[in-house]
>>> print(open('protein.txt').read())   # compact mmCIF, C-alpha atoms
# COMPACT_ATOMS: atom_id res chain seq x y z
CA MET A 1 216.35 113.94 -28.99
CA ARG A 2 215.59 110.33 -29.70
CA PHE A 3 213.34 107.90 -27.87
CA ASN A 4 212.86 104.21 -28.47
CA VAL A 5 209.44 102.84 -27.60
CA TYR A 6 208.83 99.14 -27.11
CA VAL A 7 205.21 98.01 -27.25
CA THR A 8 204.58 94.48 -26.05
CA LEU A 9 201.59 92.32 -25.24
CA LYS A 10 200.76 92.14 -21.55
CA ARG A 11 201.65 88.94 -19.77
CA GLY A 12 198.60 86.72 -19.84
CA VAL A 13 197.54 87.85 -23.31
CA LEU A 14 198.12 84.99 -25.73
CA ASP A 15 200.57 85.77 -28.52
CA PRO A 16 199.94 83.37 -31.42
CA GLN A 17 202.58 85.15 -33.49
CA GLY A 18 205.21 84.54 -30.81
CA LYS A 19 204.13 80.91 -30.65
CA ALA A 20 204.53 80.51 -34.43
CA VAL A 21 208.01 82.05 -34.26
CA MET A 22 208.94 79.72 -31.39
CA ASP A 23 207.74 76.69 -33.33
CA ALA A 24 209.86 77.79 -36.31
CA LEU A 25 212.91 78.24 -34.07
CA HIS A 26 212.35 74.77 -32.63
CA SER A 27 212.21 73.29 -36.11
CA LEU A 28 215.56 75.01 -36.80
CA HIS A 29 216.97 73.09 -33.82
CA PHE A 30 216.94 76.00 -31.38
CA GLY A 31 215.27 73.76 -28.86
CA GLU A 32 216.39 75.87 -25.91
CA VAL A 33 213.82 78.58 -26.74
CA ARG A 34 211.12 78.38 -24.08
CA ASP A 35 208.98 81.39 -24.92
CA VAL A 36 208.77 84.05 -27.65
CA ARG A 37 206.80 87.29 -27.46
CA VAL A 38 206.58 89.49 -30.55
CA GLY A 39 206.15 93.22 -30.06
CA LYS A 40 206.66 96.54 -31.82
CA PHE A 41 209.63 98.85 -31.83
CA ILE A 42 208.99 102.52 -32.57
CA GLU A 43 211.74 105.12 -32.97
CA LEU A 44 210.76 108.73 -32.26
CA ASN A 45 212.88 111.76 -33.10
CA LEU A 46 211.77 114.89 -31.27
CA ASP A 47 212.53 118.56 -31.70
CA GLY A 48 213.69 120.95 -29.00
CA LEU A 49 211.99 120.15 -25.72
CA PRO A 50 213.63 119.85 -22.31
CA GLU A 51 214.27 116.19 -21.55
CA GLN A 52 211.70 115.78 -18.81
CA GLU A 53 208.93 117.39 -20.80
CA ALA A 54 209.84 115.38 -23.89
CA ARG A 55 209.65 112.13 -21.93
CA ALA A 56 206.27 113.09 -20.48
CA ARG A 57 204.97 113.78 -23.96
CA VAL A 58 206.25 110.45 -25.29
CA GLU A 59 204.48 108.80 -22.38
CA LYS A 60 201.28 110.54 -23.47
CA MET A 61 201.80 109.46 -27.09
CA CYS A 62 202.01 105.86 -25.89
CA GLN A 63 198.85 106.14 -23.85
CA GLU A 64 196.84 107.87 -26.56
CA LEU A 65 197.98 106.10 -29.71
CA LEU A 66 201.08 103.93 -29.77
CA ALA A 67 199.81 101.24 -27.37
CA ASN A 68 196.36 99.89 -26.62
CA PRO A 69 196.16 99.60 -22.83
CA VAL A 70 193.62 96.77 -23.03
CA ILE A 71 196.25 94.31 -24.29
CA GLU A 72 199.58 96.12 -24.49
CA GLU A 73 202.17 97.73 -22.27
CA PHE A 74 205.05 99.98 -23.29
CA ARG A 75 208.57 100.87 -22.26
CA ILE A 76 210.31 104.14 -23.16
CA GLU A 77 214.06 104.46 -23.54
CA GLU A 78 215.93 107.66 -24.24
CA VAL A 79 218.77 107.30 -26.70
CA ARG A 80 221.72 109.54 -25.88
CA ALA A 81 223.87 110.55 -28.81
CA MET B 1 164.53 108.04 -40.41
CA LYS B 2 167.94 108.56 -41.93
CA PHE B 3 171.14 106.50 -41.97
CA GLY B 4 174.71 107.68 -42.45
CA VAL B 5 177.52 105.46 -43.70
CA VAL B 6 180.92 106.78 -42.63
CA VAL B 7 183.62 106.49 -45.29
CA PHE B 8 187.27 106.28 -44.17
CA PRO B 9 190.19 106.05 -46.57
CA GLY B 10 190.33 102.29 -47.05
CA SER B 11 186.69 101.51 -46.26
CA ASN B 12 185.45 98.90 -48.75
CA CYS B 13 182.05 97.77 -47.46
CA ASP B 14 180.53 101.26 -47.43
CA HIS B 15 178.72 100.72 -50.74
CA ASP B 16 177.32 97.37 -49.60
CA CYS B 17 175.80 98.97 -46.49
CA HIS B 18 174.47 101.90 -48.52
CA HIS B 19 172.98 99.51 -51.08
CA VAL B 20 171.14 97.42 -48.47
CA LEU B 21 169.61 100.46 -46.80
CA LYS B 22 168.75 102.32 -50.00
CA ASN B 23 167.81 99.62 -52.48
CA VAL B 24 166.80 96.63 -50.38
CA LEU B 25 165.06 98.49 -47.54
CA SER B 26 164.20 101.75 -49.37
CA LYS B 27 165.55 103.96 -46.58
CA ASP B 28 167.12 107.38 -46.69
CA VAL B 29 170.89 107.00 -46.44
CA THR B 30 173.87 109.26 -47.01
CA TYR B 31 177.64 108.83 -47.14
CA ILE B 32 179.65 110.73 -44.53
CA TRP B 33 183.28 111.43 -45.44
CA HIS B 34 185.71 110.95 -42.56
CA LYS B 35 186.86 114.59 -42.73
CA THR B 36 183.36 115.79 -41.87
CA THR B 37 183.15 117.51 -38.52
CA ALA B 38 179.37 117.94 -38.46
CA VAL B 39 176.91 115.11 -38.97
CA ASP B 40 173.46 116.35 -40.02
CA ASP B 41 170.92 116.48 -37.19
CA ASP B 42 168.44 114.36 -39.08
CA VAL B 43 170.72 111.30 -39.11
CA ASP B 44 169.45 108.71 -36.61
CA CYS B 45 171.91 105.86 -37.10
CA LEU B 46 175.54 105.81 -38.20
CA ILE B 47 177.22 102.79 -39.73
CA LEU B 48 181.00 102.36 -39.62
CA PRO B 49 181.60 99.87 -42.43
CA GLY B 50 184.22 97.21 -43.04
CA GLY B 51 187.49 97.73 -44.83
CA PHE B 52 191.10 98.48 -44.07
CA SER B 53 191.10 102.09 -42.94
CA TYR B 54 194.59 103.59 -43.04
CA GLY B 55 195.96 100.22 -44.12
CA ASP B 56 195.48 98.84 -40.59
CA TYR B 57 198.74 100.59 -39.69
CA LEU B 58 199.88 100.34 -36.06
CA ARG B 59 196.71 98.44 -35.04
CA THR B 60 193.41 97.97 -36.84
CA GLY B 61 191.30 101.09 -36.34
CA ALA B 62 194.04 102.88 -34.36
CA ILE B 63 194.50 105.72 -36.85
CA ALA B 64 190.90 105.91 -38.09
CA ARG B 65 189.86 106.39 -34.49
CA PHE B 66 191.43 109.88 -34.71
CA SER B 67 189.77 110.84 -38.01
CA PRO B 68 188.03 114.21 -37.74
CA VAL B 69 184.58 112.57 -37.94
CA MET B 70 185.21 110.42 -34.87
CA ALA B 71 184.74 113.26 -32.37
CA GLU B 72 181.34 113.70 -33.99
CA VAL B 73 180.62 109.95 -33.79
CA GLU B 74 181.42 110.06 -30.06
CA GLN B 75 179.06 113.00 -29.53
CA PHE B 76 176.43 111.24 -31.63
CA ALA B 77 176.69 108.14 -29.43
CA LYS B 78 176.67 110.19 -26.23
CA LYS B 79 173.38 111.74 -27.32
CA GLY B 80 171.94 108.22 -27.33
CA LYS B 81 171.73 107.96 -31.10
CA TYR B 82 172.53 104.63 -32.75
CA VAL B 83 175.88 103.44 -34.08
CA MET B 84 176.73 100.15 -35.80
CA GLY B 85 180.28 99.02 -36.52
CA ILE B 86 180.85 96.11 -38.86
CA CYS B 87 184.26 94.41 -39.09
CA ASN B 88 186.73 97.32 -39.40
CA GLY B 89 183.96 99.52 -37.98
CA PHE B 90 183.86 97.28 -34.90
CA GLN B 91 187.65 97.56 -34.58
CA ILE B 92 187.45 101.36 -34.80
CA LEU B 93 184.69 101.57 -32.16
CA CYS B 94 186.80 99.44 -29.80
CA GLU B 95 189.87 101.62 -30.36
CA ALA B 96 187.73 104.70 -29.73
CA GLY B 97 186.56 103.25 -26.44
CA LEU B 98 182.91 103.32 -27.55
CA LEU B 99 182.85 99.54 -27.18
CA PRO B 100 184.80 97.43 -24.69
CA GLY B 101 187.65 95.15 -25.72
CA VAL B 102 189.95 94.88 -28.68
CA LEU B 103 190.17 92.79 -31.86
CA MET B 104 193.51 90.99 -31.93
CA MET B 105 195.09 88.98 -34.71
CA ASN B 106 193.31 85.68 -35.45
CA ASN B 107 194.87 82.86 -33.46
CA SER B 108 195.59 81.07 -36.77
CA LEU B 109 197.54 84.19 -37.92
CA LYS B 110 195.60 83.87 -41.19
CA PHE B 111 193.17 86.11 -43.00
CA ILE B 112 189.91 84.16 -42.98
CA CYS B 113 187.22 84.71 -45.60
CA LYS B 114 184.37 82.23 -45.31
CA ASN B 115 180.81 81.74 -44.15
CA VAL B 116 180.38 81.12 -40.45
CA HIS B 117 177.39 80.63 -38.16
CA ILE B 118 176.56 82.94 -35.31
CA ARG B 119 173.96 82.44 -32.59
CA VAL B 120 171.85 85.39 -31.51
CA GLU B 121 172.29 85.77 -27.74
CA ASN B 122 170.19 88.82 -26.89
CA ILE B 123 167.14 89.92 -28.85
CA HIS B 124 166.24 92.79 -26.54
CA THR B 125 168.32 95.37 -28.38
CA PRO B 126 167.53 97.76 -31.24
CA PHE B 127 169.87 95.73 -33.46
CA THR B 128 168.48 92.24 -32.86
CA SER B 129 164.80 92.66 -32.02
CA LYS B 130 163.68 91.05 -35.29
CA CYS B 131 165.78 87.93 -34.63
CA ARG B 132 164.65 84.97 -32.57
CA LYS B 133 166.46 84.11 -29.36
CA GLY B 134 169.02 81.43 -30.14
CA GLU B 135 168.50 81.85 -33.88
CA VAL B 136 171.54 80.77 -35.90
CA LEU B 137 172.53 83.10 -38.74
CA LYS B 138 174.87 82.22 -41.56
CA MET B 139 177.05 85.06 -42.80
CA PRO B 140 180.59 85.66 -44.01
CA ILE B 141 183.60 86.84 -42.06
CA ALA B 142 186.55 88.42 -43.86
CA HIS B 143 189.26 89.51 -41.47
CA LYS B 144 192.71 88.87 -40.07
CA ASP B 145 192.07 90.70 -36.81
CA GLY B 146 188.81 89.40 -35.38
CA ASN B 147 190.04 87.71 -32.24
CA TYR B 148 187.93 89.51 -29.64
CA PHE B 149 189.63 89.98 -26.28
CA VAL B 150 188.48 91.44 -22.98
CA ASP B 151 189.86 90.73 -19.54
CA GLU B 152 187.96 88.39 -17.23
CA SER B 153 186.19 91.04 -15.18
CA THR B 154 185.01 92.87 -18.31
CA LEU B 155 183.83 89.58 -19.80
CA LYS B 156 181.79 88.86 -16.70
CA ARG B 157 180.23 92.31 -16.88
CA LEU B 158 179.36 91.82 -20.57
CA GLU B 159 177.77 88.43 -19.84
CA ASP B 160 175.85 89.69 -16.79
CA ASN B 161 174.49 92.72 -18.67
CA GLY B 162 173.49 90.74 -21.76
CA GLN B 163 175.93 92.75 -23.87
CA VAL B 164 177.03 89.76 -25.92
CA LEU B 165 174.88 89.89 -29.05
CA PHE B 166 176.34 87.08 -31.16
CA ARG B 167 178.57 84.05 -30.64
CA TYR B 168 180.25 81.86 -33.24
CA SER B 169 178.50 78.50 -33.25
CA THR B 170 177.95 75.36 -35.28
CA PRO B 171 175.00 75.35 -37.73
CA ASP B 172 173.01 73.74 -34.89
CA GLY B 173 173.78 76.57 -32.51
CA ASP B 174 176.38 74.76 -30.46
CA VAL B 175 178.92 77.27 -29.13
CA SER B 176 182.15 75.31 -29.04
CA SER B 177 185.83 75.97 -29.63
CA LYS B 178 185.46 74.01 -32.88
CA ALA B 179 183.05 76.67 -34.14
CA ASN B 180 185.36 79.52 -33.14
CA PRO B 181 187.12 80.73 -36.31
CA ASN B 182 189.53 83.23 -34.78
CA GLY B 183 190.11 82.56 -31.09
CA SER B 184 187.63 85.13 -29.76
CA VAL B 185 187.07 84.93 -26.02
CA ALA B 186 183.80 83.10 -25.25
CA ASN B 187 183.21 82.78 -29.04
CA ILE B 188 182.07 86.42 -29.11
CA ALA B 189 181.25 87.73 -32.61
CA GLY B 190 179.39 90.90 -31.62
CA VAL B 191 178.68 93.09 -28.61
CA VAL B 192 176.64 96.13 -27.60
CA ASN B 193 177.65 98.87 -25.16
CA ALA B 194 176.10 99.11 -21.69
CA GLU B 195 173.75 101.89 -22.81
CA GLY B 196 172.50 99.70 -25.67
CA ASN B 197 172.95 102.18 -28.53
CA VAL B 198 176.37 101.22 -29.95
CA MET B 199 177.00 97.78 -31.41
CA GLY B 200 179.86 96.10 -33.17
CA MET B 201 180.22 92.77 -34.95
CA MET B 202 182.90 91.07 -37.03
CA PRO B 203 180.67 89.12 -39.50
CA HIS B 204 179.18 90.97 -42.48
CA PRO B 205 175.37 91.10 -42.42
CA GLU B 206 175.36 93.59 -45.33
CA ARG B 207 176.71 90.85 -47.61
CA VAL B 208 173.75 88.53 -47.08
CA CYS B 209 170.63 90.59 -47.51
CA GLU B 210 169.43 89.30 -50.91
CA PRO B 211 168.89 85.75 -52.20
CA ILE B 212 171.02 86.48 -55.27
CA LEU B 213 174.00 86.97 -52.92
CA GLY B 214 173.52 83.57 -51.31
CA GLY B 215 171.35 84.36 -48.33
CA THR B 216 169.26 86.82 -46.38
CA ASP B 217 170.40 86.05 -42.84
CA GLY B 218 171.89 89.51 -42.45
CA LEU B 219 168.64 91.30 -43.15
CA GLY B 220 167.23 90.86 -39.62
CA ILE B 221 169.90 93.09 -38.16
CA PHE B 222 169.03 95.96 -40.50
CA THR B 223 165.25 95.47 -40.23
CA SER B 224 165.60 95.47 -36.42
CA ILE B 225 167.09 98.95 -36.31
CA VAL B 226 164.76 100.16 -39.08
CA GLU B 227 161.70 98.99 -37.12
CA PHE B 228 163.12 100.37 -33.90
CA LEU B 229 163.63 103.83 -35.41
CA GLY B 230 160.18 103.40 -37.01
>>> encode(input="protein.txt", output="structure tokens")
Amino acid sequence: MRFNVYVTLKRGVLDPQGKAVMDALHSLHFGEVRDVRVGKFIELNLDGLPEQEARARVEKMCQELLANPVIEEFRIEEVRA
Amino acid sequence: MKFGVVVFPGSNCDHDCHHVLKNVLSKDVTYIWHKTTAVDDDVDCLILPGGFSYGDYLRTGAIARFSPVMAEVEQFAKKGKYVMGICNGFQILCEAGLLPGVLMMNNSLKFICKNVHIRVENIHTPFTSKCRKGEVLKMPIAHKDGNYFVDESTLKRLEDNGQVLFRYSTPDGDVSSKANPNGSVANIAGVVNAEGNVMGMMPHPERVCEPILGGTDGLGIFTSIVEFLG
């Protein structure tokens, strides 16, 4: 079973990296870009758990390690083969 | 009185801290490997030194925070014993929830290694009692993730409780955005927990404790805790 986890900065937390990427895109004449936020993408492959339990455990992984709740939020997506 | 310097894989300021305590201040100090699950009872103060534990993977301090020794560090702090985190040590203490906030990437996106000035904001703590109120200390920073962030309500609580220990300032003690090297909220360079026994700071006092190294402005922080533990 595969889960994709997206970890992003909360709205309201400044993202200097996103700003640098936006500036670079602007200098490449992609002037339509209004905002860029850079986050993390984590792919998890899990062994033999029922779907609901697996999702609950991925949720726990995010809370305990993969994201820092002070500045980040996360989104979990199950990838169906 | 005995100090313990915790060594994580990737710590690189552990020897500097050990040297200051042992050779400059003639105190009893021991290294504590991160796999240790029992810190000796006679240790009064733990130091989490600077470095790049676990290569800063995921987030700075995020993996080190789950090193076997950290459960012991949490117990140690809960007992009211004293813990200092410097640079990476500060990042680890924040990740562990022993200090509020988080150290984000510098707003310049650059690794910064240079001397800065910090103003002492609260001298009524075991870590700053030998400093003068408003004293400006010159010491180096060396980090890419030193941009201290807390939300507004936490910031207010820190300010109201006097938990802000140091702020980046000009040499004259002016706390301005110009003197802020990394984008830290309210120019914060160091904080203490509400109970007053766990502190963290991004600058490196252990690197300026002898004239031959270019200054002694870091010494006050170590002599404060030494005198306090008396």
>>> atom_distance(input="protein.txt", atom1="atom CA of Ser184 of chain B", atom2="atom CA of Leu66 of chain A")
23.1 Å
>>> residues_around(input="protein.txt", residues="Leu93 of chain B", least_positions_apart="4", cutoff="8 Å", atoms="all atoms listed in the file", output="list in words")
Gly61, Arg65, Gly85, Gly89, Gly97, Leu98, Leu99 and Gly200 of chain B
>>> interface_residues(input="protein.txt", of="chain B", to="chain A", cutoff="12 Å", atoms="all atoms listed in the file", output="PDB file with C-alpha atoms, in the coordinates of the input")
ATOM      1  CA  TYR B  57     198.740 100.590 -39.690  1.00  0.00           C
ATOM      2  CA  LEU B  58     199.880 100.340 -36.060  1.00  0.00           C
ATOM      3  CA  ARG B  59     196.710  98.440 -35.040  1.00  0.00           C
ATOM      4  CA  THR B  60     193.410  97.970 -36.840  1.00  0.00           C
ATOM      5  CA  GLY B  61     191.300 101.090 -36.340  1.00  0.00           C
ATOM      6  CA  ALA B  62     194.040 102.880 -34.360  1.00  0.00           C
ATOM      7  CA  ILE B  63     194.500 105.720 -36.850  1.00  0.00           C
ATOM      8  CA  ALA B  64     190.900 105.910 -38.090  1.00  0.00           C
ATOM      9  CA  ARG B  65     189.860 106.390 -34.490  1.00  0.00           C
ATOM     10  CA  PHE B  66     191.430 109.880 -34.710  1.00  0.00           C
ATOM     11  CA  CYS B  94     186.800  99.440 -29.800  1.00  0.00           C
ATOM     12  CA  GLU B  95     189.870 101.620 -30.360  1.00  0.00           C
ATOM     13  CA  ALA B  96     187.730 104.700 -29.730  1.00  0.00           C
ATOM     14  CA  GLY B  97     186.560 103.250 -26.440  1.00  0.00           C
ATOM     15  CA  LEU B  99     182.850  99.540 -27.180  1.00  0.00           C
ATOM     16  CA  PRO B 100     184.800  97.430 -24.690  1.00  0.00           C
ATOM     17  CA  GLY B 101     187.650  95.150 -25.720  1.00  0.00           C
ATOM     18  CA  VAL B 102     189.950  94.880 -28.680  1.00  0.00           C
ATOM     19  CA  LEU B 103     190.170  92.790 -31.860  1.00  0.00           C
ATOM     20  CA  MET B 104     193.510  90.990 -31.930  1.00  0.00           C
ATOM     21  CA  MET B 105     195.090  88.980 -34.710  1.00  0.00           C
ATOM     22  CA  ASN B 106     193.310  85.680 -35.450  1.00  0.00           C
ATOM     23  CA  ASN B 107     194.870  82.860 -33.460  1.00  0.00           C
ATOM     24  CA  SER B 108     195.590  81.070 -36.770  1.00  0.00           C
ATOM     25  CA  LEU B 109     197.540  84.190 -37.920  1.00  0.00           C
ATOM     26  CA  LYS B 110     195.600  83.870 -41.190  1.00  0.00           C
ATOM     27  CA  ASN B 147     190.040  87.710 -32.240  1.00  0.00           C
ATOM     28  CA  TYR B 148     187.930  89.510 -29.640  1.00  0.00           C
ATOM     29  CA  PHE B 149     189.630  89.980 -26.280  1.00  0.00           C
ATOM     30  CA  VAL B 150     188.480  91.440 -22.980  1.00  0.00           C
ATOM     31  CA  ASP B 151     189.860  90.730 -19.540  1.00  0.00           C
ATOM     32  CA  GLU B 152     187.960  88.390 -17.230  1.00  0.00           C
ATOM     33  CA  THR B 154     185.010  92.870 -18.310  1.00  0.00           C
ATOM     34  CA  ASN B 182     189.530  83.230 -34.780  1.00  0.00           C
ATOM     35  CA  GLY B 183     190.110  82.560 -31.090  1.00  0.00           C
ATOM     36  CA  SER B 184     187.630  85.130 -29.760  1.00  0.00           C
ATOM     37  CA  VAL B 185     187.070  84.930 -26.020  1.00  0.00           C
TER      38      VAL B 185
END
>>> atom_distance(input="protein.txt", atom1="atom CA of Thr8 of chain A", atom2="atom CA of Asp35 of chain A")
13.9 Å
>>> atom_distance(input="protein.txt", atom1="atom CA of Val6 of chain B", atom2="atom CA of Leu46 of chain B")
7.0 Å
>>> residues_around(input="protein.txt", residues="Gln63 of chain A", least_positions_apart="6", cutoff="10 Å", atoms="all atoms listed in the file", output="count of residues only")
4
>>> residues_around(input="protein.txt", residues="Lys78 of chain B", least_positions_apart="6", cutoff="10 Å", atoms="all atoms listed in the file", output="VMD selection string")
chain B and resid 72 98 195 197 to 198
>>> residues_around(input="protein.txt", residues="Ser169 of chain B", least_positions_apart="3", cutoff="12 Å", atoms="only C-alpha atoms", output="PyMOL selection string")
chain B and resi 115-121+134-139+166+172-181+184+186-189
>>> residues_around(input="protein.txt", residues="Ile221 of chain B", least_positions_apart="2", cutoff="9 Å", atoms="only C-alpha atoms", output="ChimeraX atom specification")
/B:126-131,205,217-219,223-226
>>> closest_residue(input="protein.txt", among="B:Val24, B:Ala77, B:Val43, B:Cys17", to="Gly4 of chain B", atoms="all atoms listed in the file")
B:Val43
>>> closest_residue(input="protein.txt", among="B:Ile123, B:Met199, B:Met1, B:Ala71", to="Leu25 of chain B", atoms="only C-alpha atoms")
B:Met1
>>> closest_residue(input="protein.txt", among="A:Leu44, A:Val38, A:Leu28, A:Ala56", to="Val79 of chain A", atoms="all atoms listed in the file")
A:Leu44
>>> closest_residue(input="protein.txt", among="A:Gly31, A:Pro50, A:Gly18, A:Gly39", to="Tyr6 of chain A", atoms="all atoms listed in the file")
A:Gly39
>>> closest_residue(input="protein.txt", among="B:Tyr82, B:Phe90, B:Phe3, B:Phe8", to="Pro203 of chain B", atoms="all atoms listed in the file")
B:Phe90
>>> closest_residue(input="protein.txt", among="B:Gly214, B:Gly196, B:Pro9, B:Pro140", to="Lys81 of chain B", atoms="all atoms listed in the file")
B:Gly196
>>> axis_aligned_box(input="protein.txt", around="segment 170-186 of chain B", padding_each_side="5 Å", output="JSON")
{"center_x": 181.6, "center_y": 79.4, "center_z": -31.5, "size_x": 27.1, "size_y": 21.4, "size_z": 22.5}
>>> decode(input="protein.txt", residues="segment 78-89 of chain B", atoms="N, CA and C atoms", output="PDB file, in the first residue's frame")
ATOM      1  N   LYS B  78      12.608  17.578  33.208  1.00  0.00           N
ATOM      2  CA  LYS B  78      11.390  17.524  34.044  1.00  0.00           C
ATOM      3  C   LYS B  78      11.730  17.536  35.526  1.00  0.00           C
ATOM      4  N   LYS B  79      12.895  16.963  35.859  1.00  0.00           N
ATOM      5  CA  LYS B  79      13.328  16.964  37.263  1.00  0.00           C
ATOM      6  C   LYS B  79      13.781  18.343  37.703  1.00  0.00           C
ATOM      7  N   GLY B  80      13.842  19.292  36.761  1.00  0.00           N
ATOM      8  CA  GLY B  80      14.269  20.647  37.121  1.00  0.00           C
ATOM      9  C   GLY B  80      15.763  20.859  36.986  1.00  0.00           C
ATOM     10  N   LYS B  81      16.460  19.849  36.434  1.00  0.00           N
ATOM     11  CA  LYS B  81      17.885  20.034  36.189  1.00  0.00           C
ATOM     12  C   LYS B  81      18.086  20.921  34.957  1.00  0.00           C
ATOM     13  N   TYR B  82      19.333  21.300  34.684  1.00  0.00           N
ATOM     14  CA  TYR B  82      19.569  22.382  33.716  1.00  0.00           C
ATOM     15  C   TYR B  82      20.053  21.860  32.358  1.00  0.00           C
ATOM     16  N   VAL B  83      19.493  22.426  31.309  1.00  0.00           N
ATOM     17  CA  VAL B  83      19.821  22.003  29.951  1.00  0.00           C
ATOM     18  C   VAL B  83      20.094  23.237  29.095  1.00  0.00           C
ATOM     19  N   MET B  84      21.219  23.192  28.363  1.00  0.00           N
ATOM     20  CA  MET B  84      21.547  24.275  27.431  1.00  0.00           C
ATOM     21  C   MET B  84      21.665  23.696  26.025  1.00  0.00           C
ATOM     22  N   GLY B  85      21.011  24.338  25.071  1.00  0.00           N
ATOM     23  CA  GLY B  85      21.148  23.923  23.675  1.00  0.00           C
ATOM     24  C   GLY B  85      21.746  25.060  22.878  1.00  0.00           C
ATOM     25  N   ILE B  86      22.834  24.774  22.187  1.00  0.00           N
ATOM     26  CA  ILE B  86      23.498  25.800  21.392  1.00  0.00           C
ATOM     27  C   ILE B  86      23.397  25.422  19.921  1.00  0.00           C
ATOM     28  N   CYS B  87      22.864  26.332  19.101  1.00  0.00           N
ATOM     29  CA  CYS B  87      22.765  26.129  17.660  1.00  0.00           C
ATOM     30  C   CYS B  87      21.967  24.863  17.344  1.00  0.00           C
ATOM     31  N   ASN B  88      22.580  23.804  16.853  1.00  0.00           N
ATOM     32  CA  ASN B  88      21.854  22.572  16.571  1.00  0.00           C
ATOM     33  C   ASN B  88      21.176  22.035  17.835  1.00  0.00           C
ATOM     34  N   GLY B  89      21.800  22.264  18.980  1.00  0.00           N
ATOM     35  CA  GLY B  89      21.201  21.866  20.255  1.00  0.00           C
ATOM     36  C   GLY B  89      19.894  22.595  20.518  1.00  0.00           C
TER      37      GLY B  89
END
